[in-house]
Protein chains: 2
Amino acid sequence: MPTAFARAETIAVGSELLALGRTDTNSGVIAGRLASLGIDVVARSIVGDQLAHLELAVRTALQRADVVMLTGGLGPTEDDLTRQAVAAALGRTLHEDPVQLARIEERFSKRGLPMPDINRRQALLIEGAVRLDNPNGTAPGQWIDLGDQAIALLPGPPREMVPMLDGLVAGALGARASAACTHSRGLRVAGRSESSVEATLLPLYAKWREGSLPIEATILAALGRIELYLFVRTADAAAAGAVLDQAIAEAADALGASVYTTRDESLEELAGRLLSEAGWRVAVAESCTGGMLAARMTDVPGSSAWLDGGVIAYSNALKTVLADVPPALIAEHGAVSEPVALALAAGARARCSTQVGIGITGIAGPDGGTDAKPVGTVFIALHTPRVIACRQARFVGDRAVVRQQSVSAALDMLRLALTGHDPVGLAR
Amino acid sequence: MPTAFARAETIAVGSELLALGRTDTNSGVIAGRLASLGIDVVARSIVGDQLAHLELAVRTALQRADVVMLTGGLGPTEDDLTRQAVAAALGRTLHEDPVQLARIEERFSKRGLPMPDINRRQALLIEGAVRLDNPNGTAPGQWIDLGDQAIALLPGPPREMVPMLDGLVAGALGARASAACTHSRGLRVAGRSESSVEATLLPLYAKWREGSLPIEATILAALGRIELYLFVRTADAAAAGAVLDQAIAEAADALGASVYTTRDESLEELAGRLLSEAGWRVAVAESCTGGMLAARMTDVPGSSAWLDGGVIAYSNALKTVLADVPPALIAEHGAVSEPVALALAAGARARCSTQVGIGITGIAGPDGGTDAKPVGTVFIALHTPRVIACRQARFVGDRAVVRQQSVSAALDMLRLALTGHDPVGLAR
């Protein structure tokens with residue numbers, strides 16, 4: 001019985017995929033189909049139409065992958081070089097396939113056309129290759145079984161490539177599927193840095209790796225959140241689930257209240273769900289974020305169930321006109337201050353008749369910073385029936401980063417308050 | 001004098017780029033910058049976090065490229081392996097850079113935190129490498145000049161990578177630019193579809209290609225705008241400039257008032273500039289866009305010079321409370337209607353004492369559509385001292401698309417009005 005394939009590499013061929021605007025969508029489709037067979041893509045390349053570069057790419061791929069999936073470069077023109085490159089990489093010859101040649105000729109004659117001589121090239125098969133029929137074009141695919149490894153040559157146009165790929169998945173590739181496939185779980189953390197999360201989890205990593213089913217962990221940093229993903233590779237789905245659930249519970253325990261979800265759920269979706277459960281509605285008064293907090297909340301379908309709206313008080317005058325912030329408070333403490341943030345939250349709540357108000361005021365930059373209040377200084381106030389709190393944050397980054405972090409921090413304060421935590425206690 | 005670089009290869013590092021829906025955007029940005037130096041990307045790879053695979057990728061790239069640009073894998077965690085992989089591929093050692101170590105420690109201490117021990121890893125420099133400073137993060141870049149070749153290690157987060165790349169383009173990379181390089185010009189179009197722009201330009205394409213300096217054209221579609229790019233490859237910068245300016249003028253003439261800029265400028269930057277020139281200030285009243293219009297405007301640094309703020313009137317009650325929309329108007333015409341959009345614009349203007357008011361109300365979906373007003377129906381009203389106008393749009397797409405398109409359409413109405421055009425006349 002032949003060995004199962006575990007690792008794959010995709011190579012998309014064509015200089016047009018390296019220039020502006022064109023995107024290689026085939027590699028993603030292939031990765032998805034292979035994942036369903038338990039085969040991981042370990043590298044993905046796009047290579048221009050240079051014979052030497054392509055041959056090198058194929059040889060490189062054979063050093064790290066069991067299956068090499070090439071797309072494109074099977075057309076009739078001089079810069080369609082995939083057939084030649086694979087033949088050269090394997091040290092094999094090319095020969096004209098009479099069956100395929102007849103098919104190409106028939107395709108043209110059906111349209112009343114003679115076959116242009118350059119299309120003969122599309123009938124060339126690599127020594128030992130199996131022809132893969134292409135009902136949607138003149139370029140056939142090829143499948144080369146090398147024993148422990150295999151190479152597929154597929155056409156570039158997706159509507160020609162995908163049916164051929166599906167044929168392989170049902171046939172030659174499916175027969176070499178790994179019994180073991182990758183199972184995963186994840187969790188999301190707010191209000192902590194990537195390295196702080198990593199430092200907390202480090203003792204668990206070693207333990208996870210040494211279990212009977214070893215767990216691989218990956219940490220991803222996004223703006224305002226950290227994501228942890230755990231992976232197990234096995235044929236036993238039930239065992240994988242048990243091991244992963246246990247590990248996620250350990251990670252959540254170690255990370256504490258900074259973990260906001262173990263689902264595929266954003267902070268704003270979670271905050272909305274918690275608001276709905278509490279029967280509370282929210283309104284905002286935003287200065288430096290200029291509407292971004294409300295925009296992120298209203299990204300969530302059905303957010304009208306828990307959000308009424310609010311005010312964008314970008315100018316000082318509007319802080320008073322729209323949110324009742326006393327001008328004397330601004331004069332005394334400055335527009336970027338805890339008293340003004342608290343007044344904005346209270347004003348939003350009162351004007352909009354909601355249970356919850358959020359006020360944000362800060363210096364997003366690039367200008368406006370002072371020694372006492374540098375760029376990145378943001379005050380975020382939360383006013384609920386149970387808590388009135390304000391966090392002073394100092395975010396590091398450009399204008400966009402400061403604004404995004406402010407919004408994420410506000411949503412996280414809301415989440416913490418709604419789950420019975422101190423909304424500013426965890427901030428670091 | 002060192003030889004010019006002609007061929008480059010990009011390697012994006014990270015298993016998450018091969019799975020989990022993350023997209024590598026860095027390689028495209030790098031390809032664009034290199035093109036401006038006359039350096040073509042001949043291959044592009046994404047490689048997972050496996051030391052052997054990465055080392056192989058670097059060695060392979062050095063066989064076909066003059067410059068190898070790596071992004072990602074410079075973080076502090078155990079699966080950040082780019083430094084080690086490049087060192088191994090070159091047979092060089094890694095050493096701790098005291099200057100960089102001090103910088104990382106300082107970055108943490110500024111936030112009142114001790115540096116976690118794992119961050120030491122980010123101070124490791126490859127033998128012979130020049131450190132590239134990273135003002136936006138803890139991971140420094142590295143530049144290794146190998147004589148005829150060079151390797152750059154850049155961080156993965158685009159906001160850290162791009163400034164470092166620009167530094168290289170202005171410095172070490174720019175010094176090795178090819179004589180013949182690609183010159184380009186572009187323009188941006190609002191309110192038209194990609195195929196409509198393409199159909200208008202088709203007659204020009206052939207002419208441009210047959211000139212003494214042939215021009216290549218590419219059209220890119222982004223949300224709410226179409227971008228046209230023209231390219232000429234030559235060592236004669238003056239000739240390229242003349243030919244491109246002429247072609248851009250021809251394209252702008254054919255496309256008319258839908259062309260909003262021939263600079264690298266967003267609609268919101270342009271609208272802000274035009275408002276400043278007119279001496280007018282703007283306020284918004286947003287329903288279905290929930291703050292996105294104001295958020296996009298306040299993305300622009302210095303937007304306080306022309307924007308005061310506004311209201312987010314997501315619920316019907318707040319349309320009245322915050323923007324004085326008469327309840328009878330909502331009862332008679334529905335919240336998603338031209339009269340309500342016009343009342344929102346007038347209310348924003350009056351409440352905020354600005355010259356310009358913009359009102360948006362619509363059905364972003366997924367629910368809430370009816371036969372008469374399906375999902376995607378949006379009314380956008382503009383009220384200036386010179387014009388009162390409302391556009392009824394029907395956008396096609398999901399909730400996010402409808403909202404983004406609504407914001408772009410509002411900004412374009414503002415742009416048209418401020419340049420003396422009919423703000424709804426071009427809409428299609």
# chains A, B, ... in the order shown; residues from 1 in each chain; ligands from 1
$ residues_around --residues "range 90-96 of chain B" --least-positions-apart "5" --cutoff "10 Å" --atoms "only C-alpha atoms" --output "PDB file with C-alpha atoms, in the first residue's frame"
ATOM      1  CA  GLU B  55      16.499  27.909   4.837  1.00  0.00           C
ATOM      2  CA  VAL B  58      16.391  31.484   1.006  1.00  0.00           C
ATOM      3  CA  ARG B  59      18.954  29.317  -0.804  1.00  0.00           C
ATOM      4  CA  LEU B  62      19.576  33.335  -4.052  1.00  0.00           C
ATOM      5  CA  ARG B  83      16.800  35.312  11.489  1.00  0.00           C
ATOM      6  CA  GLN B  84      18.021  31.748  12.057  1.00  0.00           C
ATOM      7  CA  ALA B  85      17.016  30.555   8.589  1.00  0.00           C
ATOM      8  CA  LEU B 101      18.546  45.372  22.966  1.00  0.00           C
ATOM      9  CA  ARG B 120      15.985  39.296  23.619  1.00  0.00           C
ATOM     10  CA  ARG B 121      15.661  37.192  20.498  1.00  0.00           C
ATOM     11  CA  GLN B 122      14.658  40.324  18.574  1.00  0.00           C
ATOM     12  CA  ALA B 123      18.074  41.855  19.237  1.00  0.00           C
ATOM     13  CA  LEU B 124      19.857  39.090  17.299  1.00  0.00           C
ATOM     14  CA  LEU B 125      21.682  40.360  14.192  1.00  0.00           C
ATOM     15  CA  ILE B 126      23.114  38.199  11.434  1.00  0.00           C
ATOM     16  CA  GLU B 127      26.907  38.532  11.011  1.00  0.00           C
ATOM     17  CA  GLY B 128      27.552  41.391   8.582  1.00  0.00           C
ATOM     18  CA  ALA B 129      23.975  42.685   8.662  1.00  0.00           C
ATOM     19  CA  LEU B 146      26.470  40.228  -0.342  1.00  0.00           C
TER      20      LEU B 146
END
$ closest_atom_pairs --of "chain B" --to "chain A" --cutoff "8 Å" --atoms "only C-alpha atoms" --output "Markdown table"
| residue | atom | partner | partner_atom | distance |
| --- | --- | --- | --- | --- |
| B:Ser15 | CA | A:Val42 | CA | 7.4 |
| B:Glu16 | CA | A:Leu220 | CA | 7.9 |
| B:Leu18 | CA | A:Val41 | CA | 6.8 |
| B:Gly28 | CA | A:Leu20 | CA | 7.5 |
| B:Ala31 | CA | A:Ala19 | CA | 7.6 |
| B:Gly32 | CA | A:Leu20 | CA | 7.4 |
| B:Val41 | CA | A:Leu18 | CA | 6.7 |
| B:Val42 | CA | A:Gly48 | CA | 5.4 |
| B:Ala43 | CA | A:Val47 | CA | 4.4 |
| B:Arg44 | CA | A:Ile46 | CA | 5.0 |
| B:Ser45 | CA | A:Ser45 | CA | 4.1 |
| B:Ile46 | CA | A:Arg44 | CA | 5.0 |
| B:Val47 | CA | A:Ala43 | CA | 4.4 |
| B:Gly48 | CA | A:Val42 | CA | 5.5 |
| B:His53 | CA | A:Arg64 | CA | 6.4 |
| B:Leu56 | CA | A:Thr60 | CA | 7.3 |
| B:Ala57 | CA | A:Thr60 | CA | 7.7 |
| B:Thr60 | CA | A:Thr60 | CA | 6.9 |
| B:Arg64 | CA | A:His53 | CA | 6.3 |
| B:Pro76 | CA | A:Ser195 | CA | 7.0 |
| B:Thr77 | CA | A:Glu198 | CA | 7.2 |
| B:Asp79 | CA | A:Thr218 | CA | 7.9 |
| B:Arg111 | CA | A:Arg394 | CA | 7.8 |
| B:Pro116 | CA | A:Ser195 | CA | 6.9 |
| B:Ile118 | CA | A:Ser195 | CA | 7.5 |
| B:Asn119 | CA | A:Ser195 | CA | 7.4 |
| B:Asn136 | CA | A:Gly397 | CA | 6.0 |
| B:Thr218 | CA | A:Gly21 | CA | 7.3 |
| B:Ile219 | CA | A:Gly21 | CA | 7.6 |
| B:Leu220 | CA | A:Gly21 | CA | 6.1 |
| B:Cys288 | CA | A:Thr298 | CA | 7.9 |
| B:Thr289 | CA | A:Ala295 | CA | 6.8 |
| B:Gly290 | CA | A:Ala295 | CA | 4.9 |
| B:Gly291 | CA | A:Gly291 | CA | 4.2 |
| B:Met292 | CA | A:Ala295 | CA | 5.1 |
| B:Leu293 | CA | A:Gly291 | CA | 7.8 |
| B:Ala294 | CA | A:Gly291 | CA | 5.7 |
| B:Ala295 | CA | A:Gly291 | CA | 4.8 |
| B:Thr298 | CA | A:Gly290 | CA | 5.8 |
| B:Asp299 | CA | A:Ala400 | CA | 6.9 |
| B:Pro301 | CA | A:Pro366 | CA | 6.8 |
| B:Ser304 | CA | A:Ser315 | CA | 6.9 |
| B:Leu307 | CA | A:Tyr314 | CA | 7.5 |
| B:Asp308 | CA | A:Ser315 | CA | 5.1 |
| B:Gly309 | CA | A:Ile312 | CA | 4.7 |
| B:Gly310 | CA | A:Ile312 | CA | 5.0 |
| B:Val311 | CA | A:Val311 | CA | 4.3 |
| B:Ile312 | CA | A:Gly309 | CA | 4.7 |
| B:Ala313 | CA | A:Gly309 | CA | 5.2 |
| B:Tyr314 | CA | A:Gly309 | CA | 4.9 |
| B:Ser315 | CA | A:Asp308 | CA | 5.0 |
| B:Leu318 | CA | A:Cys352 | CA | 6.7 |
| B:Val321 | CA | A:Cys352 | CA | 7.7 |
| B:Leu322 | CA | A:Leu322 | CA | 7.9 |
| B:Arg351 | CA | A:Val321 | CA | 7.9 |
| B:Cys352 | CA | A:Leu318 | CA | 6.7 |
| B:Gly365 | CA | A:Pro301 | CA | 7.2 |
| B:Pro366 | CA | A:Pro301 | CA | 6.8 |
| B:Arg399 | CA | A:Asp299 | CA | 7.7 |
| B:Ala400 | CA | A:Asp299 | CA | 6.9 |
$ write_last_selection --atoms "C-alpha atoms" --output "PDB file, in the first residue's frame"
ATOM      1  CA  SER B  15       2.252  29.313   8.656  1.00  0.00           C
ATOM      2  CA  GLU B  16      -0.713  31.582   9.340  1.00  0.00           C
ATOM      3  CA  LEU B  18      -0.880  29.461   4.428  1.00  0.00           C
ATOM      4  CA  GLY B  28       2.511  43.119  -3.483  1.00  0.00           C
ATOM      5  CA  ALA B  31       6.787  44.444  -5.818  1.00  0.00           C
ATOM      6  CA  GLY B  32       5.343  47.908  -6.457  1.00  0.00           C
ATOM      7  CA  VAL B  41      10.010  40.352  -8.900  1.00  0.00           C
ATOM      8  CA  VAL B  42      10.596  36.987 -10.601  1.00  0.00           C
ATOM      9  CA  ALA B  43       9.218  34.752  -7.863  1.00  0.00           C
ATOM     10  CA  ARG B  44       7.118  35.140  -4.745  1.00  0.00           C
ATOM     11  CA  SER B  45       6.817  32.563  -1.987  1.00  0.00           C
ATOM     12  CA  ILE B  46       4.971  32.003   1.226  1.00  0.00           C
ATOM     13  CA  VAL B  47       6.716  29.563   3.539  1.00  0.00           C
ATOM     14  CA  GLY B  48       5.498  28.169   6.856  1.00  0.00           C
ATOM     15  CA  HIS B  53      11.845  24.897   4.672  1.00  0.00           C
ATOM     16  CA  LEU B  56      15.776  26.092   1.568  1.00  0.00           C
ATOM     17  CA  ALA B  57      13.595  28.976   0.395  1.00  0.00           C
ATOM     18  CA  THR B  60      16.575  28.813  -3.721  1.00  0.00           C
ATOM     19  CA  ARG B  64      17.424  33.206  -9.179  1.00  0.00           C
ATOM     20  CA  PRO B  76       9.924  37.224  19.785  1.00  0.00           C
ATOM     21  CA  THR B  77       8.394  33.747  19.838  1.00  0.00           C
ATOM     22  CA  ASP B  79       8.269  30.021  15.761  1.00  0.00           C
ATOM     23  CA  ARG B 111       4.975  51.609  29.041  1.00  0.00           C
ATOM     24  CA  PRO B 116      10.054  39.740  28.771  1.00  0.00           C
ATOM     25  CA  ILE B 118      11.881  36.151  25.015  1.00  0.00           C
ATOM     26  CA  ASN B 119      12.162  39.597  23.426  1.00  0.00           C
ATOM     27  CA  ASN B 136       6.640  51.157  15.079  1.00  0.00           C
ATOM     28  CA  THR B 218      -3.920  48.158 -15.662  1.00  0.00           C
ATOM     29  CA  ILE B 219      -7.287  48.746 -14.030  1.00  0.00           C
ATOM     30  CA  LEU B 220      -7.808  47.853 -10.374  1.00  0.00           C
ATOM     31  CA  CYS B 288     -27.096  52.755   8.461  1.00  0.00           C
ATOM     32  CA  THR B 289     -23.411  53.693   8.249  1.00  0.00           C
ATOM     33  CA  GLY B 290     -23.353  54.114  12.048  1.00  0.00           C
ATOM     34  CA  GLY B 291     -20.395  56.514  12.221  1.00  0.00           C
ATOM     35  CA  MET B 292     -18.325  55.139   9.323  1.00  0.00           C
ATOM     36  CA  LEU B 293     -18.508  58.357   7.296  1.00  0.00           C
ATOM     37  CA  ALA B 294     -17.201  60.474  10.174  1.00  0.00           C
ATOM     38  CA  ALA B 295     -14.651  57.769  10.992  1.00  0.00           C
ATOM     39  CA  THR B 298     -11.356  61.693  10.834  1.00  0.00           C
ATOM     40  CA  ASP B 299      -8.834  59.170   9.484  1.00  0.00           C
ATOM     41  CA  PRO B 301      -4.811  64.003  10.010  1.00  0.00           C
ATOM     42  CA  SER B 304     -10.561  69.067  12.777  1.00  0.00           C
ATOM     43  CA  LEU B 307     -15.081  68.602  10.401  1.00  0.00           C
ATOM     44  CA  ASP B 308     -16.983  69.336  13.613  1.00  0.00           C
ATOM     45  CA  GLY B 309     -18.661  65.994  14.239  1.00  0.00           C
ATOM     46  CA  GLY B 310     -22.265  64.945  14.120  1.00  0.00           C
ATOM     47  CA  VAL B 311     -24.707  62.349  15.286  1.00  0.00           C
ATOM     48  CA  ILE B 312     -25.212  58.633  14.914  1.00  0.00           C
ATOM     49  CA  ALA B 313     -28.969  58.262  14.712  1.00  0.00           C
ATOM     50  CA  TYR B 314     -29.245  54.511  14.468  1.00  0.00           C
ATOM     51  CA  SER B 315     -32.599  54.212  16.201  1.00  0.00           C
ATOM     52  CA  LEU B 318     -32.512  59.334  18.022  1.00  0.00           C
ATOM     53  CA  VAL B 321     -33.817  63.557  19.498  1.00  0.00           C
ATOM     54  CA  LEU B 322     -30.393  64.226  17.965  1.00  0.00           C
ATOM     55  CA  ARG B 351     -27.359  71.229  15.331  1.00  0.00           C
ATOM     56  CA  CYS B 352     -23.631  71.509  14.634  1.00  0.00           C
ATOM     57  CA  GLY B 365     -28.835  44.093   5.561  1.00  0.00           C
ATOM     58  CA  PRO B 366     -28.803  41.219   5.951  1.00  0.00           C
ATOM     59  CA  ARG B 399     -23.622  44.502   4.801  1.00  0.00           C
ATOM     60  CA  ALA B 400     -19.997  45.659   4.829  1.00  0.00           C
TER      61      ALA B 400
END
$ calpha_fit_rmsd --fixed "chain B" --moving "chain A"
7.8 Å
$ select_by_dssp --residues "range 6-118 of chain A" --states "strand (DSSP E)" --output "PyMOL selection string"
chain A and resi 7-13+40-47+67-71+94-96
$ write_last_selection --atoms "C-alpha atoms" --output "compact mmCIF listing (two decimals), in the first residue's frame"
# COMPACT_ATOMS: atom_id res chain seq x y z
CA ARG A 7 2.83 17.86 2.99
CA ALA A 8 2.10 19.72 -0.22
CA GLU A 9 3.48 22.73 -2.05
CA THR A 10 1.66 24.80 -4.66
CA ILE A 11 3.38 26.61 -7.51
CA ALA A 12 1.37 29.10 -9.56
CA VAL A 13 3.10 29.77 -12.86
CA ASP A 40 -1.00 20.48 4.70
CA VAL A 41 0.39 23.08 2.32
CA VAL A 42 3.83 23.97 3.71
CA ALA A 43 4.87 26.47 1.03
CA ARG A 44 3.22 28.39 -1.77
CA SER A 45 5.06 30.02 -4.66
CA ILE A 46 4.34 32.17 -7.64
CA VAL A 47 7.02 31.91 -10.33
CA VAL A 67 2.83 16.50 -3.45
CA VAL A 68 3.65 19.40 -5.76
CA MET A 69 0.64 21.08 -7.36
CA LEU A 70 1.47 23.37 -10.30
CA THR A 71 -1.13 25.61 -11.93
CA LEU A 94 8.41 14.85 -23.36
CA HIS A 95 6.48 12.97 -26.02
CA GLU A 96 3.48 13.84 -28.15
$ atom_distance --atom1 "CA of Leu154 in chain A" --atom2 "CA of Leu74 in chain A"
7.6 Å
$ residues_around --residues "Asp412 in chain B" --least-positions-apart "5" --cutoff "8 Å" --atoms "only C-alpha atoms" --output "ChimeraX atom specification"
/B:190-191,267,271,423
$ atom_distance --atom1 "CA of Leu153 in chain B" --atom2 "CA of Gly38 in chain B"
20.5 Å
$ closest_residue --among "B:Val162, B:Val169, B:Leu81, B:Arg107" --to "Leu34 in chain B" --atoms "only C-alpha atoms"
B:Val169
$ closest_residue --among "B:Gly376, B:Pro214, B:Gly224, B:Pro155" --to "Gln405 in chain B" --atoms "only C-alpha atoms"
B:Gly224
$ atom_distance --atom1 "CA of Ala251 in chain A" --atom2 "CA of Leu411 in chain A"
22.2 Å
$ closest_residue --among "A:Gly167, A:Gly362, A:Gly174, A:Pro135" --to "Leu37 in chain A" --atoms "only C-alpha atoms"
A:Gly174
